[in-house]
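> Just one file: model_20.pdb, with PDB, C-alpha atoms and all ligand atoms.
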```
ATOM      1  CA  MET A   1      55.583 -22.272 130.002
ATOM      2  CA  ALA A   2      53.544 -25.375 128.959
ATOM      3  CA  GLU A   3      55.813 -27.699 126.936
ATOM      4  CA  HIS A   4      53.530 -27.769 123.852
ATOM      5  CA  VAL A   5      53.512 -23.972 123.404
ATOM      6  CA  LYS A   6      56.125 -22.948 120.782
ATOM      7  CA  GLU A   7      58.413 -20.145 121.859
ATOM      8  CA  VAL A   8      57.254 -17.244 119.658
ATOM      9  CA  PRO A   9      60.246 -15.131 118.544
ATOM     10  CA  GLU A  10      59.985 -11.574 119.748
ATOM     11  CA  ARG A  11      61.166 -10.047 116.467
ATOM     12  CA  LYS A  12      60.339 -10.589 112.760
ATOM     13  CA  ARG A  13      62.734 -12.678 110.683
ATOM     14  CA  ASP A  14      65.320 -10.486 108.939
ATOM     15  CA  ASP A  15      66.144 -12.565 105.857
ATOM     16  CA  PHE A  16      62.834 -11.895 104.093
ATOM     17  CA  LEU A  17      62.890 -10.993 100.380
ATOM     18  CA  ARG A  18      63.019  -7.202  99.954
ATOM     19  CA  TRP A  19      60.509  -5.560  97.668
ATOM     20  CA  GLU A  20      62.904  -4.914  94.750
ATOM     21  CA  ASP A  21      64.261  -8.470  94.863
ATOM     22  CA  TYR A  22      60.683  -9.765  95.035
ATOM     23  CA  PHE A  23      59.601  -7.775  91.978
ATOM     24  CA  MET A  24      62.663  -8.650  89.877
ATOM     25  CA  SER A  25      62.174 -12.277  90.947
ATOM     26  CA  LEU A  26      58.651 -12.129  89.506
ATOM     27  CA  ALA A  27      60.083 -10.835  86.215
ATOM     28  CA  SER A  28      62.795 -13.519  86.274
ATOM     29  CA  ILE A  29      60.359 -16.326  87.029
ATOM     30  CA  SER A  30      58.099 -15.096  84.236
ATOM     31  CA  ALA A  31      61.096 -15.299  81.861
ATOM     32  CA  MET A  32      61.304 -19.015  82.668
ATOM     33  CA  ARG A  33      58.064 -19.462  80.734
ATOM     34  CA  SER A  34      59.684 -18.212  77.498
ATOM     35  CA  LYS A  35      60.211 -20.745  74.688
ATOM     36  CA  ASP A  36      62.826 -18.555  73.012
ATOM     37  CA  PRO A  37      65.855 -20.830  72.701
ATOM     38  CA  ASN A  38      68.286 -17.943  72.908
ATOM     39  CA  THR A  39      66.936 -15.192  75.159
ATOM     40  CA  GLN A  40      64.281 -15.481  77.835
ATOM     41  CA  VAL A  41      62.864 -12.164  79.020
ATOM     42  CA  GLY A  42      60.400 -11.394  81.785
ATOM     43  CA  ALA A  43      58.645  -8.246  82.952
ATOM     44  CA  ALA A  44      56.514  -7.253  85.931
ATOM     45  CA  ILE A  45      54.461  -4.102  86.398
ATOM     46  CA  ILE A  46      54.219  -2.842  89.979
ATOM     47  CA  THR A  47      52.067   0.093  91.077
ATOM     48  CA  ALA A  48      53.206   2.856  93.403
ATOM     49  CA  GLU A  49      51.289   0.969  96.104
ATOM     50  CA  PHE A  50      53.500  -2.103  95.522
ATOM     51  CA  LYS A  51      50.670  -4.052  93.822
ATOM     52  CA  VAL A  52      51.597  -6.525  91.060
ATOM     53  CA  VAL A  53      49.337  -5.639  88.124
ATOM     54  CA  GLY A  54      51.001  -7.241  85.122
ATOM     55  CA  LEU A  55      53.393 -10.059  84.250
ATOM     56  CA  GLY A  56      54.777 -11.067  80.867
ATOM     57  CA  TYR A  57      57.466 -12.957  79.001
ATOM     58  CA  ASN A  58      58.577 -13.046  75.390
ATOM     59  CA  GLY A  59      56.448 -15.400  73.344
ATOM     60  CA  MET A  60      54.489 -15.849  70.154
ATOM     61  CA  PRO A  61      51.083 -14.183  69.751
ATOM     62  CA  ILE A  62      47.948 -15.967  70.886
ATOM     63  CA  GLY A  63      46.922 -18.627  68.404
ATOM     64  CA  CYS A  64      50.359 -18.769  66.773
ATOM     65  CA  HIS A  65      51.492 -22.166  67.966
ATOM     66  CA  ASP A  66      55.041 -22.267  69.323
ATOM     67  CA  ASP A  67      55.845 -25.313  67.213
ATOM     68  CA  ILE A  68      54.787 -23.644  63.956
ATOM     69  CA  MET A  69      56.500 -20.271  64.410
ATOM     70  CA  PRO A  70      60.207 -19.700  63.647
ATOM     71  CA  TRP A  71      62.476 -19.335  66.710
ATOM     72  CA  GLY A  72      65.709 -18.722  64.812
ATOM     73  CA  LYS A  73      67.682 -15.483  64.605
ATOM     74  CA  MET A  74      68.850 -15.953  61.027
ATOM     75  CA  GLY A  75      66.902 -16.057  57.767
ATOM     76  CA  SER A  76      66.778 -14.465  54.317
ATOM     77  CA  ASP A  77      64.422 -11.865  55.733
ATOM     78  CA  LEU A  78      62.481 -10.899  58.862
ATOM     79  CA  SER A  79      59.629 -13.272  58.059
ATOM     80  CA  GLU A  80      61.966 -16.237  58.411
ATOM     81  CA  THR A  81      63.116 -15.301  61.909
ATOM     82  CA  LYS A  82      61.480 -14.967  65.316
ATOM     83  CA  TYR A  83      61.890 -11.182  65.169
ATOM     84  CA  GLY A  84      58.953 -10.730  62.855
ATOM     85  CA  PHE A  85      56.582 -12.465  65.228
ATOM     86  CA  VAL A  86      57.610 -12.684  68.863
ATOM     87  CA  CYS A  87      55.823 -10.473  71.398
ATOM     88  CA  HIS A  88      58.238  -8.855  73.787
ATOM     89  CA  ALA A  89      57.926  -9.454  77.513
ATOM     90  CA  GLU A  90      57.257  -5.781  78.251
ATOM     91  CA  MET A  91      54.440  -5.631  75.721
ATOM     92  CA  ASN A  92      52.921  -8.810  77.158
ATOM     93  CA  ALA A  93      53.123  -7.484  80.708
ATOM     94  CA  ILE A  94      51.231  -4.364  79.576
ATOM     95  CA  MET A  95      48.703  -6.423  77.604
ATOM     96  CA  ASN A  96      48.215  -8.701  80.624
ATOM     97  CA  LYS A  97      47.635  -5.845  83.065
ATOM     98  CA  ASN A  98      44.703  -6.481  85.395
ATOM     99  CA  THR A  99      43.787  -2.847  85.956
ATOM    100  CA  HIS A 100      42.987  -0.018  83.570
ATOM    101  CA  ASP A 101      45.245   2.741  84.856
ATOM    102  CA  ILE A 102      48.888   1.832  85.475
ATOM    103  CA  SER A 103      50.142   5.396  85.452
ATOM    104  CA  GLY A 104      52.958   5.996  87.898
ATOM    105  CA  SER A 105      53.888   2.299  87.970
ATOM    106  CA  THR A 106      57.320   0.718  87.737
ATOM    107  CA  MET A 107      58.240  -1.962  85.218
ATOM    108  CA  TYR A 108      60.795  -4.501  86.414
ATOM    109  CA  THR A 109      62.303  -6.200  83.374
ATOM    110  CA  THR A 110      65.094  -8.725  82.984
ATOM    111  CA  HIS A 111      66.303  -6.872  79.861
ATOM    112  CA  PHE A 112      66.434  -3.183  78.920
ATOM    113  CA  PRO A 113      63.388  -2.410  76.754
ATOM    114  CA  CYS A 114      63.588  -1.947  72.988
ATOM    115  CA  ASN A 115      62.343   1.264  71.365
ATOM    116  CA  GLU A 116      58.963  -0.261  70.465
ATOM    117  CA  CYS A 117      58.373  -1.359  74.062
ATOM    118  CA  ALA A 118      59.644   2.011  75.272
ATOM    119  CA  LYS A 119      56.791   3.638  73.344
ATOM    120  CA  LEU A 120      54.260   1.275  74.966
ATOM    121  CA  ILE A 121      55.764   1.902  78.413
ATOM    122  CA  ILE A 122      55.575   5.684  77.937
ATOM    123  CA  GLN A 123      52.049   5.587  76.524
ATOM    124  CA  SER A 124      50.960   3.445  79.494
ATOM    125  CA  ARG A 125      52.314   6.214  81.737
ATOM    126  CA  ILE A 126      54.712   3.849  83.478
ATOM    127  CA  LYS A 127      57.152   6.209  85.175
ATOM    128  CA  ARG A 128      60.063   3.981  86.100
ATOM    129  CA  VAL A 129      61.929   1.068  84.533
ATOM    130  CA  VAL A 130      64.213  -1.202  86.577
ATOM    131  CA  TYR A 131      66.244  -3.546  84.407
ATOM    132  CA  LEU A 132      68.632  -6.418  85.108
ATOM    133  CA  HIS A 133      70.524  -6.923  81.828
ATOM    134  CA  HIS A 134      71.484  -4.372  79.184
ATOM    135  CA  LYS A 135      73.323  -6.435  76.576
ATOM    136  CA  LYS A 136      73.660  -3.924  73.722
ATOM    137  CA  PRO A 137      73.517  -0.319  74.992
ATOM    138  CA  GLN A 138      75.102   0.973  71.757
ATOM    139  CA  ASP A 139      72.560  -0.799  69.548
ATOM    140  CA  PRO A 140      70.437   1.928  67.872
ATOM    141  CA  ILE A 141      67.268   0.205  69.088
ATOM    142  CA  TYR A 142      68.337   0.704  72.716
ATOM    143  CA  VAL A 143      69.846   4.129  72.083
ATOM    144  CA  ALA A 144      66.424   5.143  70.731
ATOM    145  CA  ALA A 145      64.696   3.567  73.733
ATOM    146  CA  ALA A 146      66.945   5.466  76.158
ATOM    147  CA  PHE A 147      66.300   8.718  74.264
ATOM    148  CA  LEU A 148      62.542   8.117  74.441
ATOM    149  CA  PHE A 149      62.679   7.426  78.184
ATOM    150  CA  ASP A 150      64.872  10.434  78.870
ATOM    151  CA  THR A 151      62.707  12.742  76.782
ATOM    152  CA  ALA A 152      59.454  11.443  78.270
ATOM    153  CA  GLY A 153      60.778  11.602  81.822
ATOM    154  CA  VAL A 154      60.739   7.847  82.495
ATOM    155  CA  LYS A 155      63.400   7.013  85.064
ATOM    156  CA  CYS A 156      65.613   3.997  84.253
ATOM    157  CA  LYS A 157      67.615   2.172  86.894
ATOM    158  CA  LYS A 158      69.877  -0.872  86.719
ATOM    159  CA  PHE A 159      68.718  -3.428  89.245
ATOM    160  CA  GLU A 160      70.954  -4.066  92.257
ATOM    161  CA  ALA A 161      70.103  -7.257  94.110
ATOM    162  CA  GLU A 162      70.037  -7.496  97.875
ATOM    163  CA  LYS A 163      70.052 -11.301  97.486
ATOM    164  CA  PRO A 164      71.989 -12.202  94.273
ATOM    165  CA  SER A 165      70.200 -15.513  94.010
ATOM    166  CA  ILE A 166      67.148 -17.149  95.541
ATOM    167  CA  THR A 167      66.071 -20.772  95.674
ATOM    168  CA  ILE A 168      62.504 -21.885  95.119
ATOM    169  CA  ASN A 169      61.626 -25.346  96.321
ATOM    170  CA  LEU A 170      58.529 -26.701  94.589
ATOM    171  CA  SER A 171      58.838 -30.148  96.095
ATOM    172  CA  GLU A 172      56.954 -31.251  99.183
ATOM    173  CA  ARG A 173      60.245 -31.786 100.970
ATOM    174  CA  PRO A 174      60.972 -28.767 103.235
ATOM    175  CA  SER A 175      64.028 -26.876 102.031
TER     176      SER A 175
HETATM  177  N1  LIG B 201      63.780  -5.988  76.102
HETATM  178  C1  LIG B 201      63.568  -7.116  75.380
HETATM  179  C2  LIG B 201      64.557  -7.592  74.488
HETATM  180  C3  LIG B 201      64.315  -8.755  73.810
HETATM  181  N2  LIG B 201      63.126  -9.393  73.995
HETATM  182  C4  LIG B 201      62.904 -10.695  73.323
HETATM  183  C5  LIG B 201      62.698 -10.703  71.845
HETATM  184  C6  LIG B 201      63.287 -12.041  71.450
HETATM  185  O1  LIG B 201      62.369 -13.075  71.744
HETATM  186  C7  LIG B 201      64.465 -12.160  72.395
HETATM  187  C8  LIG B 201      65.736 -11.558  71.866
HETATM  188  O2  LIG B 201      66.301 -12.455  71.021
HETATM  189  P1  LIG B 201      67.903 -12.523  70.790
HETATM  190  O3  LIG B 201      68.176 -11.525  69.691
HETATM  191  O4  LIG B 201      68.608 -12.182  72.083
HETATM  192  O5  LIG B 201      68.132 -13.957  70.360
HETATM  193  O6  LIG B 201      64.082 -11.450  73.570
HETATM  194  C9  LIG B 201      62.169  -8.930  74.883
HETATM  195  O7  LIG B 201      61.102  -9.556  75.060
HETATM  196  N3  LIG B 201      62.412  -7.774  75.547
HETATM  197 ZN    ZN B 202      60.555  -4.728  73.122
END
```
What does this structure look like when you write it as structure tokens?


Amino acid sequence: MAEHVKEVPERKRDDFLRWEDYFMSLASISAMRSKDPNTQVGAAIITAEFKVVGLGYNGMPIGCHDDIMPWGKMGSDLSETKYGFVCHAEMNAIMNKNTHDISGSTMYTTHFPCNECAKLIIQSRIKRVVYLHHKKPQDPIYVAAAFLFDTAGVKCKKFEAEKPSITINLSERPS
């Protein structure tokens, strides 16, 4: 064979990122955009045809500047904490969707959805939720969310990574 022709491998590479790892990676990378000093959450909506149609992370509403809004957990009432204002990652992923009908889709989320996001997920006709963390399963908010999903027939699954961690190299130097 001519010396300049690269030997083409006969088989595909086998260490490619599997679909589920890819989709949870998109949710996890989206979470890296969050300004929440305590909990960064990301969500990705994937259609049954494996198309990415929505990404979101927890953040303040449009026009509510991050440096003006409260990011604390404690205050004399809700209006003095982030909880009264922050948009959840799941809601933002739904609001950011780039197609009208997301029925039958799967939401990959770094954290188990709250009851308010569960309602949005159900009403959007998302049929499956894959989550990475579930910090407070006994919290009434998440008990209510689980009841909503179970009653509405939305399947919930804890994410199991094929690759427990991935590295992204954004520098020009080859990894
Ligand atoms: N499924 C969830 C759960 C929480 N979030 C957001 C809401 C807050 O920004 C933060 C939670 O704050 P913490 O009480 O852990 O300090 O995460 C979400 O977007 N989706
Ligand atoms: Zn929520």

> Within 8 Å of ligand LIG 201 (chain B), counting only C-alpha atoms and all ligand atoms: which residues, as a list in words?

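Written in the requested form, the residues are Asp36, Pro37, Asn38, Thr39, Gln40, Val41, Gly42, Tyr57, Asn58, Gly59, Gly72, Lys73, Lys82, Tyr83, Val86, Cys87, His88, Ala89, Glu90, Met91, Thr109, Thr110, His111, Phe112, Pro113, Cys114 and Cys117 of chain A.
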
> Find the smallest box with edges along x, y and z containing every listed atom of region 34-53 of chain A, then add 6 Å on each side and report centre and edge lengths in Å to one decimal, as lines of an AutoDock Vina configuration file.


```
center_x = 58.8
center_y = -9.0
center_z = 84.4
size_x = 30.9
size_y = 35.7
size_z = 35.4
```

> Expand the PyMOL selection byres (((chain A and resi 12-17) around 12) and not hetatm) into the explicit residue set it covers here, and present it as a PDB file with C-alpha atoms, keeping the file's coordinate frame.


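File produced: out-v1.pdb:
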```pdb
ATOM      1  CA  VAL A   8      57.254 -17.244 119.658  1.00  0.00           C
ATOM      2  CA  PRO A   9      60.246 -15.131 118.544  1.00  0.00           C
ATOM      3  CA  GLU A  10      59.985 -11.574 119.748  1.00  0.00           C
ATOM      4  CA  ARG A  11      61.166 -10.047 116.467  1.00  0.00           C
ATOM      5  CA  ARG A  18      63.019  -7.202  99.954  1.00  0.00           C
ATOM      6  CA  TRP A  19      60.509  -5.560  97.668  1.00  0.00           C
ATOM      7  CA  GLU A  20      62.904  -4.914  94.750  1.00  0.00           C
ATOM      8  CA  ASP A  21      64.261  -8.470  94.863  1.00  0.00           C
ATOM      9  CA  TYR A  22      60.683  -9.765  95.035  1.00  0.00           C
ATOM     10  CA  PHE A  23      59.601  -7.775  91.978  1.00  0.00           C
ATOM     11  CA  MET A  24      62.663  -8.650  89.877  1.00  0.00           C
ATOM     12  CA  SER A  25      62.174 -12.277  90.947  1.00  0.00           C
ATOM     13  CA  LEU A  26      58.651 -12.129  89.506  1.00  0.00           C
ATOM     14  CA  ALA A 161      70.103  -7.257  94.110  1.00  0.00           C
ATOM     15  CA  GLU A 162      70.037  -7.496  97.875  1.00  0.00           C
ATOM     16  CA  LYS A 163      70.052 -11.301  97.486  1.00  0.00           C
ATOM     17  CA  PRO A 164      71.989 -12.202  94.273  1.00  0.00           C
ATOM     18  CA  SER A 165      70.200 -15.513  94.010  1.00  0.00           C
ATOM     19  CA  ILE A 166      67.148 -17.149  95.541  1.00  0.00           C
ATOM     20  CA  THR A 167      66.071 -20.772  95.674  1.00  0.00           C
TER      21      THR A 167
END
```

> Quick one: everything within 9 Å of Lys157 (chain A), counting all atoms listed in the file, minus sequence neighbours fewer than 2 positions away in the same chain. Send it as a PyMOL selection string.

chain A and resi 128-132+155+159-160

> State, in Å with one decimal place, the distance from CA of Ala44 (chain A) to CA of Ser30 (chain A).

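Rounded to one decimal, the two atoms are 8.2 Å apart.
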
> Return as a PyMOL selection string the set of residues that the PyMOL selection byres (((chain A and resi 93-98) around 8) and not hetatm) yields on the displayed structure.

chain A and resi 43-45+53-57+89-92+99-100+120-121+124

> Considering all atoms listed in the file, return as JSON, numbers by chain whatever protein or nucleic-acid residues lie within 12 Å of Ala152 (chain A), sequence-local ones (same chain, fewer than 2 positions apart) excluded.

{"A": [118, 119, 120, 121, 122, 123, 124, 125, 126, 127, 128, 145, 146, 147, 148, 149, 150, 154, 155, 156]}

> Just the selected residues (C-alpha atoms), exported as a PDB file, in the frame of the given file, please.


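out-v5.pdb written:
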```
ATOM      1  CA  ALA A 118      59.644   2.011  75.272  1.00  0.00           C
ATOM      2  CA  LYS A 119      56.791   3.638  73.344  1.00  0.00           C
ATOM      3  CA  LEU A 120      54.260   1.275  74.966  1.00  0.00           C
ATOM      4  CA  ILE A 121      55.764   1.902  78.413  1.00  0.00           C
ATOM      5  CA  ILE A 122      55.575   5.684  77.937  1.00  0.00           C
ATOM      6  CA  GLN A 123      52.049   5.587  76.524  1.00  0.00           C
ATOM      7  CA  SER A 124      50.960   3.445  79.494  1.00  0.00           C
ATOM      8  CA  ARG A 125      52.314   6.214  81.737  1.00  0.00           C
ATOM      9  CA  ILE A 126      54.712   3.849  83.478  1.00  0.00           C
ATOM     10  CA  LYS A 127      57.152   6.209  85.175  1.00  0.00           C
ATOM     11  CA  ARG A 128      60.063   3.981  86.100  1.00  0.00           C
ATOM     12  CA  ALA A 145      64.696   3.567  73.733  1.00  0.00           C
ATOM     13  CA  ALA A 146      66.945   5.466  76.158  1.00  0.00           C
ATOM     14  CA  PHE A 147      66.300   8.718  74.264  1.00  0.00           C
ATOM     15  CA  LEU A 148      62.542   8.117  74.441  1.00  0.00           C
ATOM     16  CA  PHE A 149      62.679   7.426  78.184  1.00  0.00           C
ATOM     17  CA  ASP A 150      64.872  10.434  78.870  1.00  0.00           C
ATOM     18  CA  VAL A 154      60.739   7.847  82.495  1.00  0.00           C
ATOM     19  CA  LYS A 155      63.400   7.013  85.064  1.00  0.00           C
ATOM     20  CA  CYS A 156      65.613   3.997  84.253  1.00  0.00           C
TER      21      CYS A 156
END
```

> For CA of Ile46 (chain A) and CA of His65 (chain A), determine how far apart the two atoms are, in Å to one decimal place.

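These atoms are spaced 29.4 Å apart.
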
> Which of these, A:Glu49, A:Glu172, A:Glu7, A:Asp66, has the shortest distance to Ser105 (chain A) once you count only C-alpha atoms?

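Using only C-alpha atoms, Ser105 (chain A) sits closest to A:Glu49.
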
> What separation in Å, quoted to one decimal, exists between CA of His133 (chain A) and CA of Gly84 (chain A)?

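CA of Gly84 (chain A) lies 22.5 Å from CA of His133 (chain A).
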
> Which residue, A:Glu116, A:Phe85, A:Val143, A:Arg173, has the smallest gap to ligand ZN 202 (chain B) when you use all atoms listed in the file?

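Going through A:Glu116, A:Phe85, A:Val143, A:Arg173 one by one, the smallest distance to ligand ZN 202 (chain B) is for A:Glu116.
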
> From the set A:Ala48, A:Met32, A:Ile141, A:Met74, which residue has the shortest atom-to-atom contact distance to ligand ZN 202 (chain B), counting only C-alpha atoms and all ligand atoms?

A:Ile141

> When distances are computed from all atoms listed in the file, which of A:Asp77, A:Ser171, A:Thr106, A:Tyr142 shows the smallest separation from ligand ZN 202 (chain B)?

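That would be A:Tyr142, the residue with the smallest distance to ligand ZN 202 (chain B).
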
> Which one is closest to ligand ZN 202 (chain B): A:Thr81, A:Ser103, A:Ser28, A:Asn115? Count all atoms listed in the file.

A:Asn115

> Could region 85-98 of chain A be completed with N, CA, C and O atoms and returned as an mmCIF file, in the frame of the given file?


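Generated file (part.cif):
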```cif
data_model
loop_
_atom_site.group_PDB
_atom_site.id
_atom_site.type_symbol
_atom_site.label_atom_id
_atom_site.label_comp_id
_atom_site.auth_asym_id
_atom_site.auth_seq_id
_atom_site.Cartn_x
_atom_site.Cartn_y
_atom_site.Cartn_z
ATOM 1 N N PHE A 85 57.793 -11.917 64.622
ATOM 2 C CA PHE A 85 56.582 -12.465 65.228
ATOM 3 C C PHE A 85 56.508 -12.388 66.754
ATOM 4 O O PHE A 85 55.418 -12.211 67.304
ATOM 5 N N VAL A 86 57.639 -12.534 67.400
ATOM 6 C CA VAL A 86 57.610 -12.684 68.863
ATOM 7 C C VAL A 86 57.112 -11.405 69.553
ATOM 8 O O VAL A 86 57.446 -10.286 69.136
ATOM 9 N N CYS A 87 56.278 -11.604 70.571
ATOM 10 C CA CYS A 87 55.823 -10.473 71.398
ATOM 11 C C CYS A 87 56.820 -10.314 72.546
ATOM 12 O O CYS A 87 57.128 -11.293 73.225
ATOM 13 N N HIS A 88 57.255 -9.101 72.737
ATOM 14 C CA HIS A 88 58.238 -8.855 73.787
ATOM 15 C C HIS A 88 57.598 -8.948 75.174
ATOM 16 O O HIS A 88 56.407 -8.694 75.340
ATOM 17 N N ALA A 89 58.407 -9.275 76.145
ATOM 18 C CA ALA A 89 57.926 -9.454 77.513
ATOM 19 C C ALA A 89 57.242 -8.198 78.039
ATOM 20 O O ALA A 89 56.191 -8.282 78.700
ATOM 21 N N GLU A 90 57.806 -7.036 77.735
ATOM 22 C CA GLU A 90 57.257 -5.781 78.251
ATOM 23 C C GLU A 90 55.872 -5.519 77.667
ATOM 24 O O GLU A 90 54.947 -5.101 78.374
ATOM 25 N N MET A 91 55.756 -5.796 76.354
ATOM 26 C CA MET A 91 54.440 -5.631 75.721
ATOM 27 C C MET A 91 53.429 -6.579 76.357
ATOM 28 O O MET A 91 52.294 -6.191 76.671
ATOM 29 N N ASN A 92 53.856 -7.836 76.572
ATOM 30 C CA ASN A 92 52.921 -8.810 77.158
ATOM 31 C C ASN A 92 52.535 -8.439 78.581
ATOM 32 O O ASN A 92 51.378 -8.601 78.979
ATOM 33 N N ALA A 93 53.461 -7.906 79.337
ATOM 34 C CA ALA A 93 53.123 -7.484 80.708
ATOM 35 C C ALA A 93 52.069 -6.375 80.670
ATOM 36 O O ALA A 93 51.116 -6.376 81.456
ATOM 37 N N ILE A 94 52.213 -5.448 79.723
ATOM 38 C CA ILE A 94 51.231 -4.364 79.576
ATOM 39 C C ILE A 94 49.893 -4.926 79.086
ATOM 40 O O ILE A 94 48.842 -4.612 79.629
ATOM 41 N N MET A 95 49.946 -5.827 78.113
ATOM 42 C CA MET A 95 48.703 -6.423 77.604
ATOM 43 C C MET A 95 48.014 -7.271 78.669
ATOM 44 O O MET A 95 46.787 -7.398 78.681
ATOM 45 N N ASN A 96 48.781 -7.832 79.568
ATOM 46 C CA ASN A 96 48.215 -8.701 80.624
ATOM 47 C C ASN A 96 47.761 -7.923 81.854
ATOM 48 O O ASN A 96 47.284 -8.529 82.816
ATOM 49 N N LYS A 97 47.921 -6.604 81.839
ATOM 50 C CA LYS A 97 47.635 -5.845 83.065
ATOM 51 C C LYS A 97 46.191 -6.101 83.511
ATOM 52 O O LYS A 97 45.282 -6.249 82.704
ATOM 53 N N ASN A 98 46.031 -6.140 84.829
ATOM 54 C CA ASN A 98 44.703 -6.481 85.395
ATOM 55 C C ASN A 98 43.988 -5.255 85.954
ATOM 56 O O ASN A 98 43.054 -5.384 86.755
#
```
